Amino acid sequence: MAWFLAAAVVLLALGGCGSAPGRTSPSVVAGFYPLAEAATRVGGADTRVSNITPSGAEPHDLELTVRQAERVLDADLVILLGRGFQPAIEKLAARRDGPTLELLQRLPVERTNRDPHVWLDPELMRAIAREIAVALRRLEPRAADVIDANADRYDAELSALADRFRSGLASCERHEIVTSHDAFGYLARRFGLRQHAISGLSPESEPDPAKLAELADLVRRDGLTTIFTEELVSPRVAESLAREAGVRTAVLDPIEGIAHAGDDYVRVMERNLATLREALACR
Ligand SMILES: [Zn+2]
């Protein structure tokens, strides 16, 4: 058995390509997709990143299995939003000896703001990636150069995306968006839009009939053309509102998970931008 273990250790040490000499492949657990993507891009091939939210699942209030809980406890670094977005993971992370990065505490957002959807503002996504780079460098000081180079490359992509949003939404006929849950507040504020959500900050919160009637009025009064639905949440309520108001629906993806293989943050955000531009009649 001993020779086998020794061989396995050697293979592990040789594994991974394009690596900086002496890297130790830290294990990172991220609370949900956008944080996992940022950690993967910034950490590079030698950082083992796992997303604790199963693919196709919705991360709000995620409950953990025993195995998932063990991964959270054992990781070299845990990356979360914090402030109650995923209470089960947050409670567990508080029991860890190792470091946990709680991003909402470190981003330039108001302490009293209970909205966790910071990643949908590309400028705040850049800040998320920067904070993750700081945490990864601390975890692995010898890989600082690789981490910095990866972080610069990712930041350039996010910065270009933010520029396309700014110019793409600069002159639009309409500025009101009706969304499925209250996920696009940061994005709306950044680019001069106003969001009206059918349900609250979590997709599970039930919309009330008075709210729906009010939204139907808004749609008619302001001549809105589109009610936005999501990938991971049932579009039933949004569709019935659209029928009642006589408008169409389109997917505006809050990227709480990746619904289609091969997608990533920038690609989905590009689709969101195209969807917004069409619905708001932007030039
Ligand atoms: Zn959400």
# chains A, B, ... in the order shown; residues from 1 in each chain; ligands from 1
call {"tool": "residues_near_ligand", "arguments": {"ligand": "ligand 1", "cutoff": "10 Å", "atoms": "only C-alpha atoms and all ligand atoms", "output": "PyMOL selection string"}}
result
chain A and resi 58-61+85+115-118+180-184+200-204+233+254-256
call {"tool": "write_last_selection", "arguments": {"atoms": "N, CA and C atoms", "output": "compact mmCIF listing (two decimals), in the first residue's frame"}}
result
# COMPACT_ATOMS: atom_id res chain seq x y z
N GLU A 58 -30.79 26.65 -7.66
CA GLU A 58 -30.92 28.07 -7.40
C GLU A 58 -30.22 28.31 -6.05
N PRO A 59 -29.29 29.28 -5.96
CA PRO A 59 -28.43 29.35 -4.77
C PRO A 59 -29.05 29.98 -3.53
N HIS A 60 -30.11 30.80 -3.69
CA HIS A 60 -30.73 31.44 -2.52
C HIS A 60 -31.09 30.37 -1.50
N ASP A 61 -30.68 30.56 -0.25
CA ASP A 61 -31.12 29.67 0.84
C ASP A 61 -30.81 28.20 0.57
N PHE A 85 -27.40 35.57 2.31
CA PHE A 85 -27.76 35.07 0.97
C PHE A 85 -27.85 33.54 0.99
N ASP A 115 -29.82 43.83 -0.39
CA ASP A 115 -29.80 43.20 -1.72
C ASP A 115 -28.45 42.53 -1.97
N PRO A 116 -28.42 41.19 -2.17
CA PRO A 116 -27.13 40.52 -2.37
C PRO A 116 -26.65 40.48 -3.83
N HIS A 117 -27.45 40.99 -4.80
CA HIS A 117 -27.17 40.69 -6.22
C HIS A 117 -26.09 41.57 -6.84
N VAL A 118 -24.99 41.74 -6.12
CA VAL A 118 -23.91 42.63 -6.56
C VAL A 118 -23.25 42.20 -7.88
N SER A 180 -38.48 39.24 -12.86
CA SER A 180 -39.12 38.16 -12.14
C SER A 180 -38.86 38.26 -10.63
N HIS A 181 -37.59 38.29 -10.20
CA HIS A 181 -37.32 38.62 -8.80
C HIS A 181 -36.35 39.79 -8.74
N ASP A 182 -36.19 40.35 -7.56
CA ASP A 182 -35.56 41.65 -7.37
C ASP A 182 -34.04 41.54 -7.49
N ALA A 183 -33.53 41.07 -8.65
CA ALA A 183 -32.11 40.73 -8.78
C ALA A 183 -31.29 41.81 -9.49
N PHE A 184 -31.95 42.76 -10.16
CA PHE A 184 -31.21 43.65 -11.06
C PHE A 184 -31.09 45.08 -10.54
N GLY A 200 -39.81 39.30 -4.44
CA GLY A 200 -38.83 40.07 -3.67
C GLY A 200 -37.39 39.72 -3.96
N LEU A 201 -36.52 39.92 -2.97
CA LEU A 201 -35.09 39.69 -3.15
C LEU A 201 -34.77 38.21 -3.35
N SER A 202 -35.67 37.33 -2.90
CA SER A 202 -35.49 35.90 -3.15
C SER A 202 -36.60 35.43 -4.09
N PRO A 203 -36.28 34.56 -5.07
CA PRO A 203 -37.31 34.14 -6.04
C PRO A 203 -38.45 33.37 -5.39
N GLU A 204 -38.25 32.87 -4.16
CA GLU A 204 -39.32 32.08 -3.52
C GLU A 204 -40.42 32.96 -2.93
N VAL A 233 -35.91 29.75 -12.55
CA VAL A 233 -37.14 29.93 -11.77
C VAL A 233 -38.32 29.83 -12.73
N PRO A 254 -30.29 36.21 -14.25
CA PRO A 254 -29.57 36.75 -13.09
C PRO A 254 -28.29 35.98 -12.76
N ILE A 255 -27.93 34.99 -13.60
CA ILE A 255 -26.65 34.26 -13.46
C ILE A 255 -26.45 33.76 -12.03
N GLU A 256 -27.52 33.18 -11.46
CA GLU A 256 -27.37 32.57 -10.14
C GLU A 256 -26.85 31.15 -10.30
call {"tool": "residues_around", "arguments": {"residues": "segment 38-44 of chain A", "least_positions_apart": "4", "cutoff": "6 Å", "atoms": "only C-alpha atoms", "output": "PyMOL selection string"}}
result
chain A and resi 129+147+150-151
call {"tool": "write_last_selection", "arguments": {"atoms": "N, CA, C and O atoms", "output": "mmCIF file, in the first residue's frame"}}
result
data_model
loop_
_atom_site.group_PDB
_atom_site.id
_atom_site.type_symbol
_atom_site.label_atom_id
_atom_site.label_comp_id
_atom_site.auth_asym_id
_atom_site.auth_seq_id
_atom_site.Cartn_x
_atom_site.Cartn_y
_atom_site.Cartn_z
ATOM 1 N N ALA A 129 -13.733 40.178 -8.156
ATOM 2 C CA ALA A 129 -12.533 39.481 -8.641
ATOM 3 C C ALA A 129 -11.277 40.015 -7.952
ATOM 4 O O ALA A 129 -10.362 39.247 -7.623
ATOM 5 N N ILE A 147 -1.279 34.802 -10.160
ATOM 6 C CA ILE A 147 -2.607 35.277 -9.744
ATOM 7 C C ILE A 147 -2.832 36.709 -10.248
ATOM 8 O O ILE A 147 -3.896 37.023 -10.802
ATOM 9 N N ASN A 150 -3.453 36.643 -14.031
ATOM 10 C CA ASN A 150 -4.808 36.143 -14.309
ATOM 11 C C ASN A 150 -5.854 37.199 -13.963
ATOM 12 O O ASN A 150 -6.827 37.400 -14.704
ATOM 13 N N ALA A 151 -5.668 37.839 -12.810
ATOM 14 C CA ALA A 151 -6.645 38.837 -12.351
ATOM 15 C C ALA A 151 -6.697 40.019 -13.312
ATOM 16 O O ALA A 151 -7.777 40.528 -13.624
#
call {"tool": "closest_residue", "arguments": {"among": "A:Leu73, A:Val134, A:Ala281, A:Ala259", "to": "His175 of chain A", "atoms": "only C-alpha atoms"}}
result
A:Ala281
call {"tool": "select_by_dssp", "arguments": {"residues": "segment 43-174 of chain A", "states": "strand (DSSP E or B)", "output": "ChimeraX atom specification"}}
result
/A:48-51,77-80,100-102,172
call {"tool": "residues_around", "arguments": {"residues": "Val28 of chain A", "least_positions_apart": "2", "cutoff": "7 Å", "atoms": "only C-alpha atoms", "output": "list in words"}}
result
Pro26, Ala30, Arg48, Val49, Ser50, Ala75, Asp76, Leu77 and Val78 of chain A
call {"tool": "write_last_selection", "arguments": {"atoms": "N, CA and C atoms", "output": "PDB file, in the first residue's frame"}}
result
ATOM      1  N   PRO A  26      -4.321  24.783  -3.871  1.00  0.00           N
ATOM      2  CA  PRO A  26      -5.269  24.944  -2.768  1.00  0.00           C
ATOM      3  C   PRO A  26      -6.692  24.618  -3.225  1.00  0.00           C
ATOM      4  N   ALA A  30     -16.689  27.797  -3.476  1.00  0.00           N
ATOM      5  CA  ALA A  30     -17.427  29.043  -3.694  1.00  0.00           C
ATOM      6  C   ALA A  30     -18.916  28.783  -3.513  1.00  0.00           C
ATOM      7  N   ARG A  48      -7.975  24.525  -7.250  1.00  0.00           N
ATOM      8  CA  ARG A  48      -9.109  23.606  -7.386  1.00  0.00           C
ATOM      9  C   ARG A  48     -10.350  24.288  -6.821  1.00  0.00           C
ATOM     10  N   VAL A  49     -11.201  24.753  -7.724  1.00  0.00           N
ATOM     11  CA  VAL A  49     -12.387  25.499  -7.281  1.00  0.00           C
ATOM     12  C   VAL A  49     -13.612  24.618  -7.437  1.00  0.00           C
ATOM     13  N   SER A  50     -14.433  24.518  -6.397  1.00  0.00           N
ATOM     14  CA  SER A  50     -15.712  23.853  -6.587  1.00  0.00           C
ATOM     15  C   SER A  50     -16.852  24.773  -6.169  1.00  0.00           C
ATOM     16  N   ALA A  75     -12.262  22.981   3.079  1.00  0.00           N
ATOM     17  CA  ALA A  75     -11.621  23.780   2.023  1.00  0.00           C
ATOM     18  C   ALA A  75     -10.525  24.673   2.598  1.00  0.00           C
ATOM     19  N   ASP A  76      -9.504  24.973   1.746  1.00  0.00           N
ATOM     20  CA  ASP A  76      -8.469  25.920   2.168  1.00  0.00           C
ATOM     21  C   ASP A  76      -9.015  27.343   2.222  1.00  0.00           C
ATOM     22  N   LEU A  77     -10.006  27.618   1.355  1.00  0.00           N
ATOM     23  CA  LEU A  77     -10.642  28.947   1.354  1.00  0.00           C
ATOM     24  C   LEU A  77     -12.102  28.772   0.962  1.00  0.00           C
ATOM     25  N   VAL A  78     -12.995  29.468   1.659  1.00  0.00           N
ATOM     26  CA  VAL A  78     -14.408  29.486   1.285  1.00  0.00           C
ATOM     27  C   VAL A  78     -14.768  30.914   0.872  1.00  0.00           C
TER      28      VAL A  78
END
call {"tool": "select_by_dssp", "arguments": {"residues": "segment 180-213 of chain A", "states": "helix (DSSP H, G or I)", "output": "MDAnalysis selection string"}}
result
chainID A and resid 185:190 209:213
call {"tool": "residues_around", "arguments": {"residues": "Glu90 of chain A", "least_positions_apart": "5", "cutoff": "8 Å", "atoms": "only C-alpha atoms", "output": "list in words"}}
result
Leu80, Gly82 and Gly84 of chain A
call {"tool": "write_last_selection", "arguments": {"atoms": "N, CA and C atoms", "output": "PDB file, in the first residue's frame"}}
result
ATOM      1  N   LEU A  80     -17.896  33.433  -0.096  1.00  0.00           N
ATOM      2  CA  LEU A  80     -19.348  33.601   0.007  1.00  0.00           C
ATOM      3  C   LEU A  80     -19.708  35.064  -0.197  1.00  0.00           C
ATOM      4  N   GLY A  82     -22.263  36.305   1.857  1.00  0.00           N
ATOM      5  CA  GLY A  82     -22.539  36.672   3.243  1.00  0.00           C
ATOM      6  C   GLY A  82     -23.868  37.405   3.397  1.00  0.00           C
ATOM      7  N   GLY A  84     -26.575  36.594   4.799  1.00  0.00           N
ATOM      8  CA  GLY A  84     -27.813  35.836   4.726  1.00  0.00           C
ATOM      9  C   GLY A  84     -28.247  35.397   3.338  1.00  0.00           C
TER      10      GLY A  84
END
call {"tool": "closest_residue", "arguments": {"among": "A:Thr226, A:Asn272, A:Thr249, A:Thr179", "to": "Arg194 of chain A", "atoms": "only C-alpha atoms"}}
result
A:Thr179
call {"tool": "atom_distance", "arguments": {"atom1": "atom CA of Arg138 of chain A", "atom2": "atom CA of Ala36 of chain A"}}
result
17.7 Å
call {"tool": "residues_around", "arguments": {"residues": "Tyr265 of chain A", "least_positions_apart": "3", "cutoff": "8 Å", "atoms": "only C-alpha atoms", "output": "compact mmCIF listing (two decimals) with C-alpha atoms, in the first residue's frame"}}
result
# COMPACT_ATOMS: atom_id res chain seq x y z
CA PRO A 34 -20.23 33.80 -10.36
CA GLU A 37 -16.00 31.53 -12.04
CA ILE A 255 -26.65 34.26 -13.46
CA VAL A 268 -24.63 35.62 -20.45
CA MET A 269 -24.23 39.32 -19.64
call {"tool": "closest_residue", "arguments": {"among": "A:Val29, A:Ala149, A:Val72, A:Val219", "to": "Arg174 of chain A", "atoms": "only C-alpha atoms"}}
result
A:Val219
call {"tool": "closest_residue", "arguments": {"among": "A:Ser25, A:Ser55, A:Gln195, A:Ser159", "to": "Leu218 of chain A", "atoms": "only C-alpha atoms"}}
result
A:Gln195
